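For reference, model27.txt is printed below; it contains compact mmCIF, C-alpha atoms.
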```txt
# COMPACT_ATOMS: atom_id res chain seq x y z
CA MET V 15 30.74 75.47 -106.10
CA ARG V 16 29.20 72.19 -106.48
CA PRO V 17 31.81 70.04 -104.78
CA VAL V 18 31.89 72.52 -101.93
CA ARG V 19 28.17 72.34 -101.42
CA LEU V 20 28.35 68.59 -101.47
CA ALA V 21 30.99 68.61 -98.83
CA ILE V 22 28.98 70.95 -96.62
CA LEU V 23 25.94 68.80 -97.06
CA THR V 24 27.86 65.76 -96.20
CA LEU V 25 29.19 67.43 -93.08
CA LEU V 26 25.71 68.52 -92.13
CA ILE V 27 24.40 65.05 -92.57
CA LEU V 28 27.17 63.57 -90.53
CA THR V 29 26.64 66.13 -87.83
CA ALA V 30 22.94 65.62 -87.84
CA SER V 31 23.29 61.91 -87.61
CA THR V 32 25.60 62.28 -84.66
CA VAL V 33 23.15 64.48 -82.78
CA ALA V 34 20.15 62.39 -83.62
CA LYS V 35 21.70 59.09 -82.58
CA PRO V 36 23.66 59.69 -79.32
CA ARG V 37 23.62 56.08 -78.11
CA THR V 38 25.28 54.90 -81.16
CA ALA V 39 27.76 57.63 -80.54
CA PHE V 40 28.61 56.15 -77.04
CA ASP V 41 28.73 52.46 -77.33
CA PRO V 42 31.10 51.06 -74.73
CA GLY V 43 29.20 47.80 -74.48
CA LYS V 44 27.75 46.48 -71.30
CA PRO V 45 29.98 46.29 -68.22
CA LYS V 46 31.55 42.89 -67.81
CA GLU V 47 32.42 40.58 -64.95
CA LEU V 48 29.97 42.06 -62.50
CA LYS V 49 30.48 40.41 -59.15
CA ALA V 50 28.27 40.81 -56.13
CA GLU V 51 29.16 39.70 -52.62
CA ALA V 52 27.13 39.99 -49.49
CA ARG V 53 28.83 42.10 -46.85
CA GLY V 54 27.04 41.14 -43.67
CA PRO V 55 23.29 41.17 -43.28
CA TYR V 56 22.69 44.72 -44.52
CA ALA V 57 25.09 45.42 -47.48
CA VAL V 58 26.30 44.02 -50.80
CA ASP V 59 29.66 44.83 -52.43
CA LEU V 60 29.58 45.14 -56.23
CA ASP V 61 32.58 45.08 -58.52
CA TRP V 62 32.92 45.00 -62.31
CA LYS V 63 35.43 45.56 -65.05
CA ASN V 64 36.18 49.13 -65.92
CA VAL V 65 34.52 50.40 -69.11
CA ARG V 66 36.89 52.46 -71.17
CA GLY V 67 35.65 55.96 -71.92
CA SER V 68 32.89 55.91 -69.37
CA GLU V 69 32.24 58.81 -67.06
CA GLY V 70 30.52 56.70 -64.42
CA TYR V 71 28.13 53.84 -63.79
CA TYR V 72 24.57 53.31 -62.84
CA VAL V 73 23.69 50.57 -60.35
CA TYR V 74 20.40 48.73 -60.71
CA ARG V 75 18.92 46.62 -57.94
CA ASP V 76 16.01 44.37 -58.86
CA GLY V 77 15.54 46.38 -62.05
CA ASN V 78 15.52 49.80 -60.41
CA ARG V 79 18.35 52.28 -60.69
CA VAL V 80 19.43 52.84 -57.11
CA ALA V 81 22.80 54.55 -57.34
CA GLU V 82 25.51 56.18 -59.41
CA ALA V 83 29.12 55.09 -59.07
CA ASN V 84 32.23 56.96 -60.10
CA SER V 85 34.43 53.88 -60.09
CA SER V 86 33.84 50.32 -61.09
CA ASP V 87 32.72 49.18 -57.69
CA TYR V 88 29.96 50.03 -55.29
CA ARG V 89 28.71 49.11 -51.82
CA ASP V 90 24.94 48.91 -51.64
CA GLU V 91 23.81 49.45 -48.06
CA GLY V 92 20.60 49.56 -46.08
CA LEU V 93 19.52 46.12 -47.24
CA GLN V 94 17.50 43.45 -45.45
CA PRO V 95 19.28 40.45 -43.96
CA ALA V 96 18.87 37.06 -45.56
CA THR V 97 17.37 38.63 -48.66
CA THR V 98 18.21 37.89 -52.28
CA TYR V 99 18.80 40.81 -54.67
CA VAL V 100 19.54 40.99 -58.41
CA TYR V 101 22.08 43.60 -59.55
CA GLN V 102 23.02 45.09 -62.89
CA VAL V 103 25.24 48.01 -63.80
CA SER V 104 25.62 50.23 -66.87
CA ALA V 105 28.19 52.81 -67.94
CA PHE V 106 27.53 56.37 -69.04
CA ASP V 107 29.73 58.97 -70.74
CA ASP V 108 30.25 62.64 -70.07
CA ASP V 109 27.27 63.45 -72.23
CA GLY V 110 25.15 61.35 -69.97
CA ASP V 111 24.73 58.71 -72.64
CA GLU V 112 24.16 55.28 -71.08
CA GLY V 113 25.43 52.00 -72.35
CA ASP V 114 23.80 48.62 -72.12
CA LEU V 115 23.03 46.87 -68.82
CA SER V 116 25.40 44.20 -67.63
CA ASP V 117 24.34 40.62 -67.17
CA PRO V 118 22.45 40.29 -63.88
CA VAL V 119 24.02 38.76 -60.81
CA GLN V 120 22.19 37.47 -57.79
CA VAL V 121 23.33 37.80 -54.19
CA THR V 122 21.81 37.06 -50.81
CA THR V 123 22.60 39.11 -47.74
CA GLU V 124 23.79 37.27 -44.69
CA ALA V 125 21.26 36.15 -42.11
CA LEU V 126 21.18 37.49 -38.60
CA PRO V 127 21.85 34.97 -35.83
CA ALA V 128 18.73 33.23 -34.61
CA PRO V 129 17.42 34.23 -31.17
CA THR V 130 19.04 32.61 -28.18
CA VAL V 131 17.20 29.69 -26.63
CA PRO V 132 14.80 30.78 -23.89
CA THR V 133 16.05 29.78 -20.44
CA ASP V 134 14.75 29.33 -16.91
CA LEU V 135 11.47 27.83 -18.03
CA VAL V 136 9.30 27.15 -15.00
CA ALA V 137 5.94 25.38 -15.03
CA THR V 138 3.65 26.00 -12.08
CA THR V 139 0.46 24.10 -11.39
CA VAL V 140 -2.56 26.31 -10.80
CA GLY V 141 -5.44 24.05 -9.80
CA PRO V 142 -6.80 21.04 -11.65
CA TYR V 143 -7.00 22.58 -15.11
CA ARG V 144 -4.21 25.12 -15.49
CA ILE V 145 -0.43 25.33 -15.58
CA ASP V 146 1.38 28.65 -15.71
CA LEU V 147 4.68 29.01 -17.55
CA GLN V 148 7.33 31.67 -17.38
CA TRP V 149 10.82 31.98 -18.75
CA SER V 150 13.69 34.38 -19.29
CA PRO V 151 13.69 36.41 -22.52
CA SER V 152 15.86 35.45 -25.49
CA ALA V 153 18.41 37.77 -27.05
CA SER V 154 17.87 38.72 -30.70
CA GLU V 155 19.46 41.25 -33.07
CA SER V 156 16.32 41.77 -35.05
CA GLY V 157 14.05 41.63 -32.03
CA ILE V 158 11.79 38.89 -30.73
CA ALA V 159 8.53 38.59 -32.61
CA PHE V 160 7.02 36.00 -30.30
CA TYR V 161 7.68 32.86 -28.31
CA ARG V 162 6.27 29.51 -29.27
CA VAL V 163 5.01 27.20 -26.53
CA PHE V 164 5.24 23.45 -26.94
CA ARG V 165 3.20 21.08 -24.79
CA ASP V 166 4.32 17.45 -24.95
CA GLY V 167 6.08 18.18 -28.22
CA ASP V 168 3.23 19.99 -29.95
CA ALA V 169 3.21 23.72 -30.59
CA VAL V 170 0.14 24.94 -28.76
CA ALA V 171 0.47 28.70 -28.56
CA THR V 172 2.47 31.80 -29.37
CA THR V 173 2.86 34.78 -27.11
CA GLY V 174 4.72 38.05 -27.13
CA ALA V 175 5.25 37.81 -23.38
CA THR V 176 7.68 35.65 -21.44
CA ALA V 177 4.82 33.90 -19.69
CA TYR V 178 1.86 31.81 -20.67
CA GLU V 179 -1.21 30.42 -18.93
CA ASP V 180 -2.06 27.00 -20.32
CA SER V 181 -5.63 26.25 -19.37
CA ASN V 182 -8.36 23.75 -20.15
CA LEU V 183 -6.02 20.95 -19.11
CA ALA V 184 -7.02 17.59 -17.71
CA PRO V 185 -6.86 17.07 -13.95
CA GLU V 186 -4.20 14.87 -12.39
CA THR V 187 -2.18 14.87 -15.60
CA SER V 188 1.50 15.50 -16.17
CA TYR V 189 2.50 17.89 -18.93
CA GLU V 190 5.94 18.75 -20.29
CA TYR V 191 6.63 22.12 -21.80
CA ARG V 192 9.33 23.72 -23.94
CA VAL V 193 9.56 27.20 -25.43
CA SER V 194 11.32 28.62 -28.48
CA ALA V 195 11.84 32.22 -29.57
CA VAL V 196 11.04 33.56 -33.06
CA ASP V 197 12.60 36.82 -34.23
CA ARG V 198 11.25 39.42 -36.62
CA LEU V 199 13.00 37.66 -39.49
CA ASP V 200 11.02 34.54 -38.66
CA GLN V 201 14.14 32.84 -37.39
CA GLU V 202 13.39 30.42 -34.58
CA SER V 203 15.67 29.46 -31.74
CA GLY V 204 16.16 25.95 -30.52
CA LEU V 205 13.83 24.52 -27.87
CA SER V 206 14.37 25.36 -24.24
CA GLU V 207 15.04 22.77 -21.60
CA PRO V 208 11.78 21.07 -20.63
CA ALA V 209 9.72 21.94 -17.58
CA ALA V 210 6.99 19.64 -16.34
CA ALA V 211 4.05 20.02 -13.99
CA VAL V 212 1.11 17.91 -12.91
CA THR V 213 -2.35 19.36 -12.66
CA GLU V 214 -4.12 18.95 -9.35
CA MET V 215 -6.88 16.50 -8.60
CA GLU V 216 -10.33 17.89 -9.01
CA PRO V 217 -11.79 18.78 -5.62
CA GLY V 218 -14.13 16.39 -3.90
CA PRO V 219 -17.77 17.28 -3.39
CA PRO V 220 -18.72 19.85 -0.76
CA PRO V 221 -19.90 18.52 2.60
CA PRO V 222 -23.58 17.93 3.25
CA ARG V 223 -25.62 20.73 4.78
CA ASN V 224 -27.92 20.90 7.79
CA LEU V 225 -26.53 17.84 9.56
CA ALA V 226 -28.72 17.07 12.56
CA ALA V 227 -28.36 14.41 15.27
CA VAL V 228 -31.31 13.45 17.43
CA ALA V 229 -31.38 10.85 20.18
CA GLN V 230 -33.91 8.20 19.33
CA SER V 231 -33.49 6.14 22.49
CA ALA V 232 -30.93 5.14 25.07
CA ILE V 233 -29.05 3.22 22.41
CA GLN V 234 -29.77 5.03 19.13
CA ILE V 235 -29.13 8.42 17.56
CA ASN V 236 -30.70 9.38 14.24
CA LEU V 237 -28.79 11.55 11.77
CA SER V 238 -30.20 13.48 8.84
CA TRP V 239 -28.74 16.04 6.43
CA SER V 240 -29.24 17.79 3.10
CA PRO V 241 -27.17 17.17 -0.03
CA PRO V 242 -24.47 19.73 -0.85
CA VAL V 243 -25.54 22.71 -2.92
CA ALA V 244 -23.26 22.02 -5.87
CA SER V 245 -20.75 19.42 -6.87
CA ILE V 246 -18.66 19.05 -10.01
CA TYR V 247 -19.59 15.40 -10.12
CA PRO V 248 -22.87 14.00 -8.82
CA VAL V 249 -22.87 12.85 -5.23
CA GLN V 250 -23.36 9.13 -4.93
CA GLY V 251 -23.45 8.83 -1.17
CA TYR V 252 -22.14 9.87 2.20
CA ASN V 253 -19.61 8.65 4.72
CA VAL V 254 -20.74 8.91 8.32
CA TYR V 255 -18.29 9.36 11.17
CA ARG V 256 -18.87 8.99 14.92
CA ASP V 257 -16.26 10.69 17.09
CA GLY V 258 -13.91 10.71 14.10
CA GLU V 259 -14.30 7.05 13.16
CA ALA V 260 -16.08 5.94 10.02
CA ILE V 261 -19.19 4.00 10.89
CA GLY V 262 -20.96 3.70 7.56
CA PHE V 263 -21.64 4.71 3.97
CA VAL V 264 -25.18 5.50 2.89
CA VAL V 265 -26.79 6.57 -0.35
CA SER V 266 -29.65 8.28 1.45
CA THR V 267 -29.44 11.46 3.51
CA ALA V 268 -30.15 9.76 6.83
CA PHE V 269 -28.43 7.33 9.13
CA ALA V 270 -29.51 5.51 12.28
CA ASP V 271 -26.65 4.83 14.68
CA ALA V 272 -27.71 2.06 17.02
CA GLY V 273 -26.00 0.02 19.70
CA LEU V 274 -24.93 3.06 21.68
CA SER V 275 -24.61 3.50 25.44
CA ALA V 276 -27.26 5.29 27.45
CA GLU V 277 -26.77 8.88 28.53
CA THR V 278 -23.66 9.27 26.40
CA THR V 279 -22.77 12.13 24.08
CA TYR V 280 -21.52 11.33 20.57
CA GLY V 281 -20.17 13.66 17.89
CA TYR V 282 -21.01 13.09 14.23
CA THR V 283 -19.64 14.33 10.92
CA VAL V 284 -20.67 13.41 7.38
CA SER V 285 -18.82 13.78 4.08
CA SER V 286 -20.06 13.56 0.50
CA VAL V 287 -18.67 11.03 -1.97
CA ASP V 288 -19.01 11.77 -5.68
CA THR V 289 -19.42 9.37 -8.57
CA ARG V 290 -15.67 9.22 -9.02
CA GLY V 291 -15.43 7.87 -5.49
CA VAL V 292 -13.71 11.05 -4.34
CA GLU V 293 -14.63 12.07 -0.81
CA GLY V 294 -15.06 15.73 0.04
CA GLU V 295 -14.40 17.53 3.27
CA LEU V 296 -16.17 16.68 6.48
CA SER V 297 -19.23 18.60 7.56
CA VAL V 298 -19.35 20.57 10.76
CA GLU V 299 -19.64 18.22 13.73
CA VAL V 300 -22.93 17.89 15.54
CA ALA V 301 -23.45 16.09 18.85
CA ALA V 302 -26.31 14.29 20.52
CA THR V 303 -26.74 12.49 23.83
CA THR V 304 -28.53 9.18 24.12
CA ASP V 305 -31.56 8.98 26.37
CA THR V 306 -31.54 7.63 29.91
CA SER V 307 -31.80 3.89 29.92
CA THR V 308 -35.24 2.41 30.37
CA ASP V 309 -33.78 -0.88 31.47
CA VAL V 310 -35.45 -1.98 34.75
CA ILE V 311 -34.10 -5.50 34.80
CA PRO V 312 -31.84 -5.92 37.86
CA PRO V 313 -28.81 -8.14 37.98
CA ALA V 314 -29.17 -11.74 39.03
CA PRO V 315 -28.45 -12.08 42.75
CA PRO V 316 -24.97 -12.89 43.93
CA THR V 317 -24.44 -16.49 44.88
CA GLY V 318 -22.21 -18.54 47.10
CA LEU V 319 -22.23 -16.16 50.06
CA ARG V 320 -19.81 -17.65 52.55
CA LEU V 321 -17.75 -16.93 55.56
CA VAL V 322 -14.09 -16.30 55.15
CA GLY V 323 -11.61 -17.39 57.73
CA GLY V 324 -12.84 -17.45 61.28
CA MET E 17 -40.15 -16.79 50.76
CA TRP E 18 -37.87 -14.72 52.87
CA ARG E 19 -36.13 -13.34 49.87
CA GLU E 20 -39.33 -12.34 48.22
CA ARG E 21 -40.60 -10.49 51.21
CA TYR E 22 -37.28 -8.85 51.68
CA LYS E 23 -37.17 -7.51 48.21
CA LYS E 24 -40.74 -6.32 48.26
CA THR E 25 -40.46 -4.32 51.40
CA GLY E 26 -36.88 -3.44 51.16
CA ALA E 27 -36.96 -3.64 54.94
CA PRO E 28 -37.32 -6.22 57.68
CA VAL E 29 -36.09 -9.67 57.31
CA ALA E 30 -38.89 -12.16 57.41
CA ALA E 31 -39.71 -13.76 60.67
CA GLY E 32 -39.19 -17.08 59.00
CA LEU E 33 -35.53 -16.49 59.16
CA LEU E 34 -35.73 -16.73 62.89
CA ALA E 35 -36.48 -20.34 62.51
CA ILE E 36 -33.31 -21.05 60.66
CA ALA E 37 -31.00 -22.82 62.91
CA LEU E 38 -27.81 -20.95 63.23
CA ILE E 39 -24.75 -22.93 62.86
CA ALA E 40 -21.70 -22.21 64.85
CA GLY E 41 -18.96 -20.38 63.01
CA CYS E 42 -16.60 -22.29 60.92
CA SER E 43 -13.56 -21.33 62.90
CA PRO E 44 -11.85 -24.62 63.56
CA ASP E 45 -10.27 -23.58 66.84
CA GLY E 46 -13.00 -21.63 68.45
CA PRO E 47 -16.56 -22.09 69.52
CA GLY E 48 -17.85 -19.13 67.51
CA ALA E 49 -17.18 -17.24 64.27
CA GLY E 50 -15.69 -13.84 64.01
CA VAL E 51 -12.57 -12.16 65.15
CA PRO E 52 -12.41 -10.26 68.42
CA THR E 53 -11.88 -6.60 67.95
CA HIS E 54 -11.82 -4.05 70.66
CA PRO E 55 -10.62 -5.49 73.02
CA SER E 56 -12.78 -8.56 73.20
CA ASP E 57 -16.35 -7.45 73.38
CA THR E 58 -16.97 -6.99 69.63
CA TRP E 59 -16.11 -9.10 66.63
CA SER E 60 -15.58 -8.81 62.93
CA VAL E 61 -16.86 -11.07 60.18
CA THR E 62 -15.44 -11.39 56.68
CA LEU E 63 -17.68 -12.62 53.89
CA GLU E 64 -17.18 -13.58 50.25
CA TRP E 65 -19.56 -14.28 47.39
CA ASP E 66 -19.67 -14.92 43.67
CA ALA E 67 -20.55 -12.05 41.32
CA PRO E 68 -23.54 -12.45 39.01
CA THR E 69 -22.68 -12.49 35.28
CA ILE E 70 -26.24 -12.19 33.94
CA ASP E 71 -29.22 -10.07 34.71
CA ALA E 72 -32.51 -11.31 36.09
CA VAL E 73 -33.71 -12.37 32.65
CA GLY E 74 -30.51 -14.07 31.62
CA ARG E 75 -28.85 -11.41 29.44
CA PRO E 76 -25.16 -10.72 29.92
CA LEU E 77 -24.67 -8.30 32.77
CA GLU E 78 -22.43 -5.44 31.72
CA ASP E 79 -23.18 -2.69 34.19
CA LEU E 80 -22.68 -4.23 37.62
CA SER E 81 -21.85 -1.34 39.88
CA GLY E 82 -21.70 -2.72 43.40
CA TYR E 83 -23.33 -4.68 46.25
CA ARG E 84 -25.34 -4.18 49.39
CA LEU E 85 -24.68 -6.34 52.42
CA TYR E 86 -27.58 -6.86 54.81
CA TYR E 87 -27.39 -8.44 58.24
CA ARG E 88 -29.35 -8.63 61.45
CA GLU E 89 -29.28 -10.56 64.63
CA THR E 90 -31.36 -13.63 64.58
CA GLY E 91 -34.58 -13.04 66.42
CA SER E 92 -34.48 -9.28 66.06
CA ALA E 93 -37.55 -7.44 64.93
CA PRO E 94 -38.31 -6.89 61.24
CA GLY E 95 -36.75 -3.74 59.91
CA SER E 96 -33.84 -3.95 62.28
CA GLU E 97 -31.30 -5.20 59.75
CA ALA E 98 -28.23 -3.17 58.94
CA MET E 99 -27.14 -2.39 55.38
CA VAL E 100 -23.67 -1.65 54.06
CA GLU E 101 -23.09 -0.16 50.54
CA LEU E 102 -20.18 -1.83 48.82
CA ASP E 103 -18.28 -1.34 45.59
CA SER E 104 -17.91 -4.10 43.02
CA GLY E 105 -15.48 -6.19 45.05
CA THR E 106 -16.81 -9.60 46.15
CA ARG E 107 -15.40 -9.59 49.67
CA ALA E 108 -16.38 -7.53 52.70
CA THR E 109 -15.68 -7.35 56.42
CA VAL E 110 -18.19 -6.21 59.00
CA GLU E 111 -16.64 -4.98 62.21
CA GLY E 112 -17.86 -4.11 65.64
CA LEU E 113 -20.37 -6.92 65.96
CA PRO E 114 -21.39 -7.93 69.48
CA ALA E 115 -21.41 -11.63 70.05
CA GLY E 116 -24.56 -13.27 68.82
CA ASP E 117 -26.25 -15.15 66.04
CA TYR E 118 -26.57 -13.28 62.75
CA LEU E 119 -28.01 -13.68 59.30
CA PHE E 120 -26.13 -12.20 56.33
CA ALA E 121 -27.18 -11.70 52.68
CA VAL E 122 -25.98 -9.60 49.68
CA THR E 123 -27.67 -8.02 46.67
CA ALA E 124 -26.12 -6.80 43.42
CA LEU E 125 -26.70 -3.33 41.89
CA ASP E 126 -26.38 -2.10 38.28
CA ASN E 127 -25.50 1.33 37.01
CA LEU E 128 -29.12 2.36 36.88
CA GLY E 129 -29.67 1.43 40.49
CA ASN E 130 -31.64 -1.74 39.84
CA GLU E 131 -31.14 -4.08 42.79
CA SER E 132 -31.13 -7.85 42.57
CA ASP E 133 -32.86 -10.32 44.83
CA LEU E 134 -30.99 -11.42 47.93
CA SER E 135 -28.30 -14.00 47.71
CA ASN E 136 -28.47 -17.14 49.74
CA PRO E 137 -28.84 -16.25 53.44
CA LEU E 138 -25.79 -17.04 55.55
CA PRO E 139 -26.27 -17.63 59.26
CA VAL E 140 -23.22 -16.87 61.38
CA GLU E 141 -22.61 -17.31 65.09
CA VAL E 142 -20.43 -14.47 66.23
CA GLY E 143 -18.58 -14.55 69.49
CA PRO E 144 -16.18 -16.47 71.62
```

Starting from the coordinates I provided, produce the structure as structure tokens.
Amino acid sequence: MRPVRLAILTLLILTASTVAKPRTAFDPGKPKELKAEARGPYAVDLDWKNVRGSEGYYVYRDGNRVAEANSSDYRDEGLQPATTYVYQVSAFDDDGDEGDLSDPVQVTTEALPAPTVPTDLVATTVGPYRIDLQWSPSASESGIAFYRVFRDGDAVATTGATAYEDSNLAPETSYEYRVSAVDRLDQESGLSEPAAAVTEMEPGPPPPRNLAAVAQSAIQINLSWSPPVASIYPVQGYNVYRDGEAIGFVVSTAFADAGLSAETTYGYTVSSVDTRGVEGELSVEVAATTDTSTDVIPPAPPTGLRLVGG
Amino acid sequence: MWRERYKKTGAPVAAGLLAIALIAGCSPDGPGAGVPTHPSDTWSVTLEWDAPTIDAVGRPLEDLSGYRLYYRETGSAPGSEAMVELDSGTRATVEGLPAGDYLFAVTALDNLGNESDLSNPLPVEVGP
């Protein structure tokens, strides 16, 4: 009986050890020669050497089990373009016992094409301080995130629209613009063809108000007016016009036009000149008529009265 | 003297003029001045003068507008002289004058109607 009992005990021990240590029971070793290859922007193809005795394989991406494979290859889909992933695989047997993880391999999905370059960029001057831009949209597989606006080579703004209002510019200044497109993967297109525009000159000062012309005598008409209500730049003086011809510049708000003819009507306009020297528009014309002459001095008498012929 | 009175009154030529000896017309081939008109009982006289270029106080004259020609027969009563309004030309012809001795004078006018003193008087013998 004794040898029999020993044999049974031995069997029991062997059996027990088998049950208690399953991983040592399935020990195929880690899968070898794992290869990973990007298949376009959204998938990776995995391939490794078959593990003898395995029922299947587990696929790990970045440390997380993401799939089960029946054969020694696998296509991992639904990935992000231009993204790097780390893969490992392991084998398991029909008891579900898993072997060791393979050595990791690293793979990067393909990038999507960058957006197309924006076209048809047009720059339009809007007054002295603003230029409006518009362009045709770029094509993009991942979608356009925004456009970047360059002014004279410097990125000055981003916008989701295909138009941009560039304000707070300097008057009478030329600006050159280009635009690029940036997609949702942060891929940026090349720069568009340039478009240039020149801001307008700042307007001159408004015309004076309340221009009045009063005859002072037969030869003089007096003008007076009020400064304009508002001007971007201070007004430094006024140009005075008689019948459309400039006859003087004055700093004051009055002008005496002398040397005129008696009983004659003259029309006057006045414009403001600001400290830049820019002249504004003419005022409304006013007219005045010189007084009747008070001259009572007669001509000298004719001389040399003589008979002609006979 | 004559001129002063004339200007003051604006009317008759002074009697002093009557004393001026009339000289026969300057026509070289006739005894009297003037040109016979219709048919031979009246005459015409053409006169010329120099325009003033200054006013009465010596300033440049810029508004000369015309002349007045005065004439009367020598010996006629004051206030009997005739007057002809003229434009700014310096030549004039008086027609329809009966033969006789006449005195002529002109004045200048400006735009405001101021009239100058009389020019030099010109005696003319009109007739055959």

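Pairwise distance (CA of Arg75 (chain E), CA of Pro312 (chain V)) equals 10.5 Å.
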
Can you pull out the residues contacting region 67-71 of chain E? Cut-off 7 Å, using all atoms listed in the file, and skip same-chain residues under 6 positions away; I want them as an mmCIF file with C-alpha atoms, in the frame of the given file.
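Full text of selection-v9.cif as output:
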```
data_model
loop_
_atom_site.group_PDB
_atom_site.id
_atom_site.type_symbol
_atom_site.label_atom_id
_atom_site.label_comp_id
_atom_site.auth_asym_id
_atom_site.auth_seq_id
_atom_site.Cartn_x
_atom_site.Cartn_y
_atom_site.Cartn_z
ATOM 1 C CA ILE V 311 -34.100 -5.500 34.800
ATOM 2 C CA PRO V 312 -31.840 -5.920 37.860
ATOM 3 C CA PRO V 313 -28.810 -8.140 37.980
ATOM 4 C CA ALA V 314 -29.170 -11.740 39.030
ATOM 5 C CA PRO V 315 -28.450 -12.080 42.750
ATOM 6 C CA PRO V 316 -24.970 -12.890 43.930
ATOM 7 C CA THR V 317 -24.440 -16.490 44.880
ATOM 8 C CA LEU E 77 -24.670 -8.300 32.770
ATOM 9 C CA THR E 106 -16.810 -9.600 46.150
#
```

Give me, as JSON lines, the closest atom pair and its distance (Å, one decimal) for every residue of chain E within a cut-off of 6 Å of chain V, counting all atoms listed in the file, rows sorted by chain and rising number.
```
{"residue": "E:Ser43", "atom": "CA", "partner": "V:Gly324", "partner_atom": "CA", "distance": 4.3}
{"residue": "E:Ala49", "atom": "CA", "partner": "V:Gly324", "partner_atom": "CA", "distance": 5.3}
{"residue": "E:Gly50", "atom": "CA", "partner": "V:Gly324", "partner_atom": "CA", "distance": 5.3}
{"residue": "E:Thr62", "atom": "CA", "partner": "V:Val322", "partner_atom": "CA", "distance": 5.3}
{"residue": "E:Leu63", "atom": "CA", "partner": "V:Leu321", "partner_atom": "CA", "distance": 4.6}
{"residue": "E:Glu64", "atom": "CA", "partner": "V:Arg320", "partner_atom": "CA", "distance": 5.4}
{"residue": "E:Trp65", "atom": "CA", "partner": "V:Leu319", "partner_atom": "CA", "distance": 4.2}
{"residue": "E:Asp66", "atom": "CA", "partner": "V:Thr317", "partner_atom": "CA", "distance": 5.2}
{"residue": "E:Ala67", "atom": "CA", "partner": "V:Pro316", "partner_atom": "CA", "distance": 5.2}
{"residue": "E:Pro68", "atom": "CA", "partner": "V:Pro316", "partner_atom": "CA", "distance": 5.1}
{"residue": "E:Ile70", "atom": "CA", "partner": "V:Ala314", "partner_atom": "CA", "distance": 5.9}
{"residue": "E:Asp71", "atom": "CA", "partner": "V:Pro313", "partner_atom": "CA", "distance": 3.8}
{"residue": "E:Ala72", "atom": "CA", "partner": "V:Ala314", "partner_atom": "CA", "distance": 4.5}
{"residue": "E:Thr123", "atom": "CA", "partner": "V:Pro315", "partner_atom": "CA", "distance": 5.7}
{"residue": "E:Ala124", "atom": "CA", "partner": "V:Pro315", "partner_atom": "CA", "distance": 5.8}
{"residue": "E:Asn130", "atom": "CA", "partner": "V:Pro312", "partner_atom": "CA", "distance": 4.6}
{"residue": "E:Glu131", "atom": "CA", "partner": "V:Pro312", "partner_atom": "CA", "distance": 5.3}
{"residue": "E:Ser132", "atom": "CA", "partner": "V:Pro315", "partner_atom": "CA", "distance": 5.0}
{"residue": "E:Asp133", "atom": "CA", "partner": "V:Pro315", "partner_atom": "CA", "distance": 5.2}
{"residue": "E:Leu134", "atom": "CA", "partner": "V:Pro315", "partner_atom": "CA", "distance": 5.8}
{"residue": "E:Ser135", "atom": "CA", "partner": "V:Pro316", "partner_atom": "CA", "distance": 5.2}
```

Among listed residues V:Pro185, V:Gly167, V:Pro208, V:Gly113, nearest Trp149 (chain V) (using only C-alpha atoms):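 With only C-alpha atoms as the atom set, the closest residue is V:Pro208.
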
If we count all atoms listed in the file and set the cut-off at 10 Å, which residues sit around Ser238 (chain V), ignoring sequence neighbours fewer than 6 positions away in its own chain? Please answer as a list in words.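 Near Ser238 (chain V), the qualifying residues are Pro222, Arg223, Asn224, Leu225, Ala226, Ala227, Val228, Ser266, Thr267, Ala268, Phe269, Ala270 and Val284 of chain V.
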
When you draw a straight line from CA of Ala137 (chain V) to CA of Ser154 (chain V), how long is it in Å?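 A separation of 23.8 Å between them.
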
Separation of CA of Arg256 (chain V) from CA of Trp239 (chain V) in Å: 14.8 Å

Test item: residues at most 6 Å from region 79-88 of chain E, all atoms listed in the file, excluding those fewer than 5 positions along its chain, as a ChimeraX atom specification: /E:97-104,118-127

Let's have the selection written as a compact mmCIF listing (two decimals), in the frame of the given file, with C-alpha atoms.
```
# COMPACT_ATOMS: atom_id res chain seq x y z
CA GLU E 97 -31.30 -5.20 59.75
CA ALA E 98 -28.23 -3.17 58.94
CA MET E 99 -27.14 -2.39 55.38
CA VAL E 100 -23.67 -1.65 54.06
CA GLU E 101 -23.09 -0.16 50.54
CA LEU E 102 -20.18 -1.83 48.82
CA ASP E 103 -18.28 -1.34 45.59
CA SER E 104 -17.91 -4.10 43.02
CA TYR E 118 -26.57 -13.28 62.75
CA LEU E 119 -28.01 -13.68 59.30
CA PHE E 120 -26.13 -12.20 56.33
CA ALA E 121 -27.18 -11.70 52.68
CA VAL E 122 -25.98 -9.60 49.68
CA THR E 123 -27.67 -8.02 46.67
CA ALA E 124 -26.12 -6.80 43.42
CA LEU E 125 -26.70 -3.33 41.89
CA ASP E 126 -26.38 -2.10 38.28
CA ASN E 127 -25.50 1.33 37.01
```

Can you tell me, as a list in words, what residues are no more than 8 Å from region 54-58 of chain V when counting only C-alpha atoms, ignoring any on the same chain fewer than 2 positions away?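 Result of the neighbour search: Ala50, Glu51, Ala52, Leu60, Arg89, Asp90, Glu91, Gly92, Leu93, Gln94, Pro95, Ala96, Val121, Thr123, Glu124, Ala125 and Leu126 of chain V.
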
Top pick for closest residue to Asp257 (chain V), considering V:Val292, V:Ala81, V:Ala244, V:Ala301 and counting only C-alpha atoms: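 Nearest to Asp257 (chain V): V:Ala301.
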
Where is the centre and how long are the edges: axis-aligned box on region 88-98 of chain V, 4 Å on each side, Å to one decimal, as lines of an AutoDock Vina configuration file:
```
center_x = 23.7
center_y = 43.5
center_z = -49.6
size_x = 20.6
size_y = 21.0
size_z = 19.3
```
